[in-house]
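Pasting input_5.csv here (CSV, C-alpha atoms):
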chain,number,residue,atom,x,y,z
A,1,MET,CA,-16.1,5.4,10.1
A,2,PRO,CA,-13.0,5.7,12.3
A,3,ARG,CA,-11.9,2.2,11.3
A,4,ARG,CA,-12.3,3.0,7.7
A,5,HIS,CA,-10.3,6.2,8.1
A,6,ALA,CA,-7.5,4.2,9.8
A,7,ALA,CA,-7.5,1.7,6.8
A,8,LEU,CA,-7.3,4.6,4.3
A,9,LEU,CA,-4.4,6.1,6.3
A,10,ALA,CA,-2.6,2.7,6.2
A,11,ALA,CA,-3.0,2.6,2.4
A,12,LEU,CA,-1.7,6.1,2.0
A,13,THR,CA,1.3,5.4,4.3
A,14,TYR,CA,2.1,2.2,2.4
A,15,VAL,CA,2.1,4.0,-1.0
A,16,ARG,CA,4.3,6.8,0.4
A,17,LEU,CA,6.8,4.2,1.6
A,18,TRP,CA,6.6,2.1,-1.5
A,19,ALA,CA,7.1,4.9,-4.0
A,20,ARG,CA,10.8,5.4,-3.2
A,21,PRO,CA,12.7,3.8,-6.1
A,22,THR,CA,16.0,5.4,-5.1
A,23,LEU,CA,16.0,3.7,-1.7
A,24,GLY,CA,18.2,0.7,-1.3
A,25,ASP,CA,16.7,-2.8,-1.3
A,26,THR,CA,17.2,-3.5,2.4
A,27,ALA,CA,16.0,-0.1,3.6
A,28,TRP,CA,13.0,-0.2,1.3
A,29,ARG,CA,11.9,-3.7,2.6
A,30,ASN,CA,12.6,-2.8,6.2
A,31,ALA,CA,10.3,0.3,5.9
A,32,LEU,CA,7.4,-1.8,4.5
A,33,GLN,CA,7.8,-4.9,6.7
A,34,PRO,CA,5.9,-3.6,9.7
A,35,ILE,CA,2.8,-2.5,7.7
A,36,VAL,CA,2.3,-5.5,5.4
A,37,THR,CA,0.9,-9.0,6.0
A,38,PRO,CA,3.5,-11.8,6.1
A,39,ALA,CA,2.2,-13.2,2.8
A,40,TYR,CA,2.6,-9.9,1.1
A,41,ALA,CA,6.0,-9.4,2.6
A,42,ARG,CA,7.1,-12.6,0.8
A,43,GLN,CA,5.8,-11.2,-2.5
A,44,LEU,CA,7.7,-7.9,-1.9
A,45,ALA,CA,10.9,-9.8,-1.3
A,46,ALA,CA,11.2,-10.3,-5.1
A,47,THR,CA,10.5,-6.7,-5.9
A,48,ASP,CA,13.4,-4.4,-7.1
A,49,PRO,CA,12.5,-1.0,-5.7
A,50,ALA,CA,14.5,0.6,-8.5
A,51,GLN,CA,11.8,-0.7,-10.9
A,52,ILE,CA,9.0,1.1,-9.2
A,53,PRO,CA,7.7,3.8,-11.5
A,54,ALA,CA,6.2,6.1,-8.8
A,55,HIS,CA,8.2,8.6,-6.9
A,56,ALA,CA,5.4,10.4,-5.0
A,57,VAL,CA,1.8,10.3,-3.8
A,58,THR,CA,-0.2,13.0,-5.6
A,59,GLY,CA,-3.6,12.6,-4.0
A,60,SER,CA,-5.6,11.4,-1.1
A,61,PRO,CA,-6.8,7.7,-1.0
A,62,ARG,CA,-10.2,7.1,-2.5
A,63,LEU,CA,-12.3,4.3,-1.1
A,64,VAL,CA,-13.2,1.6,-3.6
A,65,SER,CA,-14.9,-0.9,-1.3
A,66,ALA,CA,-15.1,-1.7,2.4
A,67,ASP,CA,-16.4,-4.3,4.7
A,68,THR,CA,-15.7,-5.1,8.4
A,69,ASP,CA,-12.2,-6.5,7.8
A,70,VAL,CA,-11.1,-5.5,4.3
A,71,VAL,CA,-10.8,-2.0,2.7
A,72,VAL,CA,-9.8,-1.4,-0.9
A,73,ALA,CA,-8.5,2.1,-1.8
A,74,ASP,CA,-6.9,3.8,-4.8
A,75,VAL,CA,-4.0,6.1,-4.1
A,76,ARG,CA,-2.9,8.5,-6.9
A,77,THR,CA,0.8,8.7,-7.6
A,78,ASP,CA,2.9,10.5,-10.2
A,79,ALA,CA,2.8,7.2,-12.1
A,80,GLY,CA,-0.9,6.6,-11.9
A,81,LEU,CA,-3.4,5.0,-9.4
A,82,ILE,CA,-2.3,2.2,-7.1
A,83,ARG,CA,-5.0,-0.1,-5.8
A,84,VAL,CA,-4.3,-1.1,-2.2
A,85,THR,CA,-6.0,-3.9,-0.2
A,86,VAL,CA,-5.9,-3.3,3.5
A,87,THR,CA,-7.0,-6.0,5.9
A,88,SER,CA,-7.7,-6.0,9.6
A,89,THR,CA,-5.2,-8.4,11.3
A,90,GLY,CA,-4.8,-8.7,15.0
A,91,GLY,CA,-6.4,-5.3,15.6
A,92,ARG,CA,-4.2,-3.5,13.1
A,93,TRP,CA,-4.7,-2.6,9.4
A,94,LEU,CA,-2.0,-4.2,7.3
A,95,ILE,CA,-1.5,-4.1,3.5
A,96,ASP,CA,-2.3,-7.4,1.9
A,97,ASN,CA,-1.8,-6.4,-1.8
A,98,ALA,CA,-1.1,-3.5,-4.0
A,99,SER,CA,-1.0,-3.1,-7.8
A,100,PRO,CA,-1.8,-0.6,-10.5
A,101,ALA,CA,-5.5,0.1,-10.4
A,102,PRO,CA,-7.5,-1.2,-13.4
A,103,ALA,CA,-8.3,1.2,-16.1
A,104,PRO,CA,-11.8,2.8,-15.8
Please go through the file and, once you have read it, give me the structure as structure tokens.
Amino acid sequence: MPRRHAALLAALTYVRLWARPTLGDTAWRNALQPIVTPAYARQLAATDPAQIPAHAVTGSPRLVSADTDVVVADVRTDAGLIRVTVTSTGGRWLIDNASPAPAP
């Protein structure tokens, strides 16, 4: 349970840092870099933070699925739910993907 809690906290932290469309490109990427996998960091390099529709987290993360090394959580923002995949890498929980959650 403590591991799952740490993964949910990582998802929440990521969305809080991600949902800042008024932040400059470099500052936005530098804030996210330490908490994402290298592969996801490469994907984020093409992201324009000004195009992010969310400005704030509006709810606690909700667990979607979990196993030993991967946790998927939905985090509510003012622009809808963001589904975040968190993976255990080298003893740390890192974000491996995030996208709008599928419609129910």
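Here CA of Ala41 (chain A) stands at a distance of 23.9 Å from CA of Asp78 (chain A).
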Separation of CA of Thr37 (chain A) from CA of Val86 (chain A), in Å and rounded to one decimal
9.2 Å
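Counting only C-alpha atoms, region 68-73 of chain A has the following residues at most 6 Å away, ignoring those fewer than 6 positions along the same chain: Pro61, Arg62, Arg83, Val84, Thr85, Val86, Thr87 and Ser88 of chain A.
Residue nearest Gly24 (chain A) within the list A:Gln43, A:Gln51, A:Thr77, A:Thr58: A:Gln51 [criterion: smallest interatomic distance, only C-alpha atoms].
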Applying 12 Å and all atoms listed in the file, which residues near Ile35 (chain A) remain after dropping the ones on its own chain fewer than 2 positions away? List them as a ChimeraX atom specification.
/A:7,9-18,29-33,37-41,85-89,92-97
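In this structure, CA of Ala46 (chain A) sits 25.2 Å away from CA of Ala103 (chain A).
The smallest atom-to-atom distance between Arg4 (chain A) and any of A:Val75, A:Ala101, A:Ile82, A:Val64, using only C-alpha atoms, is found for A:Val64.
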Show which residues sit within 8 Å of Ala79 (chain A), as number ranges by chain. Count all atoms listed in the file, and ignore same-chain residues fewer than 6 positions away.
A: 53-55
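With distances restricted to only C-alpha atoms, A:Ser99 is the closest residue to Ile52 (chain A) from A:Pro34, A:Gly91, A:Ser99, A:His5.
For the choices A:Val36, A:Ala19, A:Ala45, A:Ala50, the atom-to-atom distance to Arg76 (chain A) is smallest for A:Ala19 when using only C-alpha atoms.
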Can you put N, CA, C and O atoms back into region 66-89 of chain A and show it as a short mmCIF file (atom, residue, chain, number, x, y, z; two decimals), in the coordinates of the input?
data_model
loop_
_atom_site.label_atom_id
_atom_site.label_comp_id
_atom_site.auth_asym_id
_atom_site.auth_seq_id
_atom_site.Cartn_x
_atom_site.Cartn_y
_atom_site.Cartn_z
N ALA A 66 -15.42 -1.51 0.96
CA ALA A 66 -15.10 -1.70 2.40
C ALA A 66 -16.10 -2.70 2.98
O ALA A 66 -17.28 -2.67 2.63
N ASP A 67 -15.59 -3.54 3.86
CA ASP A 67 -16.40 -4.30 4.70
C ASP A 67 -15.79 -4.28 6.11
O ASP A 67 -14.90 -3.47 6.35
N THR A 68 -16.17 -5.16 6.98
CA THR A 68 -15.70 -5.10 8.40
C THR A 68 -14.16 -5.27 8.45
O THR A 68 -13.51 -4.56 9.20
N ASP A 69 -13.60 -6.18 7.65
CA ASP A 69 -12.20 -6.50 7.80
C ASP A 69 -11.31 -6.19 6.60
O ASP A 69 -10.09 -6.38 6.66
N VAL A 70 -11.89 -5.74 5.49
CA VAL A 70 -11.10 -5.50 4.30
C VAL A 70 -11.54 -4.13 3.67
O VAL A 70 -12.74 -3.90 3.49
N VAL A 71 -10.56 -3.30 3.37
CA VAL A 71 -10.80 -2.00 2.70
C VAL A 71 -9.93 -1.99 1.46
O VAL A 71 -8.75 -2.34 1.51
N VAL A 72 -10.51 -1.57 0.35
CA VAL A 72 -9.80 -1.40 -0.90
C VAL A 72 -9.80 0.08 -1.23
O VAL A 72 -10.87 0.70 -1.23
N ALA A 73 -8.61 0.63 -1.52
CA ALA A 73 -8.50 2.10 -1.80
C ALA A 73 -7.58 2.28 -2.99
O ALA A 73 -6.63 1.52 -3.20
N ASP A 74 -7.85 3.33 -3.76
CA ASP A 74 -6.90 3.80 -4.80
C ASP A 74 -6.19 4.98 -4.31
O ASP A 74 -6.79 5.90 -3.74
N VAL A 75 -4.88 4.96 -4.51
CA VAL A 75 -4.00 6.10 -4.10
C VAL A 75 -3.32 6.59 -5.38
O VAL A 75 -2.67 5.82 -6.08
N ARG A 76 -3.49 7.87 -5.66
CA ARG A 76 -2.90 8.50 -6.90
C ARG A 76 -1.42 8.78 -6.62
O ARG A 76 -1.05 9.34 -5.58
N THR A 77 -0.60 8.39 -7.60
CA THR A 77 0.80 8.70 -7.60
C THR A 77 1.19 9.44 -8.86
O THR A 77 0.36 9.54 -9.77
N ASP A 78 2.44 9.86 -8.94
CA ASP A 78 2.90 10.50 -10.20
C ASP A 78 3.00 9.52 -11.33
O ASP A 78 3.25 9.93 -12.46
N ALA A 79 2.78 8.23 -11.07
CA ALA A 79 2.80 7.20 -12.10
C ALA A 79 1.45 6.55 -12.31
O ALA A 79 1.35 5.50 -12.93
N GLY A 80 0.40 7.12 -11.73
CA GLY A 80 -0.90 6.60 -11.90
C GLY A 80 -1.50 6.06 -10.55
O GLY A 80 -0.88 6.20 -9.49
N LEU A 81 -2.68 5.45 -10.62
CA LEU A 81 -3.40 5.00 -9.40
C LEU A 81 -2.81 3.60 -8.99
O LEU A 81 -2.58 2.73 -9.82
N ILE A 82 -2.64 3.44 -7.69
CA ILE A 82 -2.30 2.20 -7.10
C ILE A 82 -3.45 1.71 -6.26
O ILE A 82 -3.94 2.45 -5.41
N ARG A 83 -3.92 0.48 -6.53
CA ARG A 83 -5.00 -0.10 -5.80
C ARG A 83 -4.43 -0.90 -4.61
O ARG A 83 -3.63 -1.80 -4.81
N VAL A 84 -4.83 -0.54 -3.39
CA VAL A 84 -4.30 -1.10 -2.20
C VAL A 84 -5.38 -1.85 -1.42
O VAL A 84 -6.44 -1.28 -1.18
N THR A 85 -5.11 -3.10 -1.07
CA THR A 85 -6.00 -3.90 -0.20
C THR A 85 -5.48 -3.90 1.17
O THR A 85 -4.33 -4.30 1.40
N VAL A 86 -6.29 -3.43 2.11
CA VAL A 86 -5.90 -3.30 3.50
C VAL A 86 -6.79 -4.28 4.30
O VAL A 86 -8.02 -4.29 4.12
N THR A 87 -6.19 -5.08 5.17
CA THR A 87 -7.00 -6.00 5.90
C THR A 87 -6.73 -5.86 7.43
O THR A 87 -5.63 -5.52 7.84
N SER A 88 -7.78 -6.06 8.20
CA SER A 88 -7.70 -6.00 9.60
C SER A 88 -7.11 -7.28 10.16
O SER A 88 -7.70 -8.34 9.99
N THR A 89 -5.93 -7.20 10.78
CA THR A 89 -5.20 -8.40 11.30
C THR A 89 -4.73 -8.12 12.67
O THR A 89 -3.92 -7.22 12.90
#
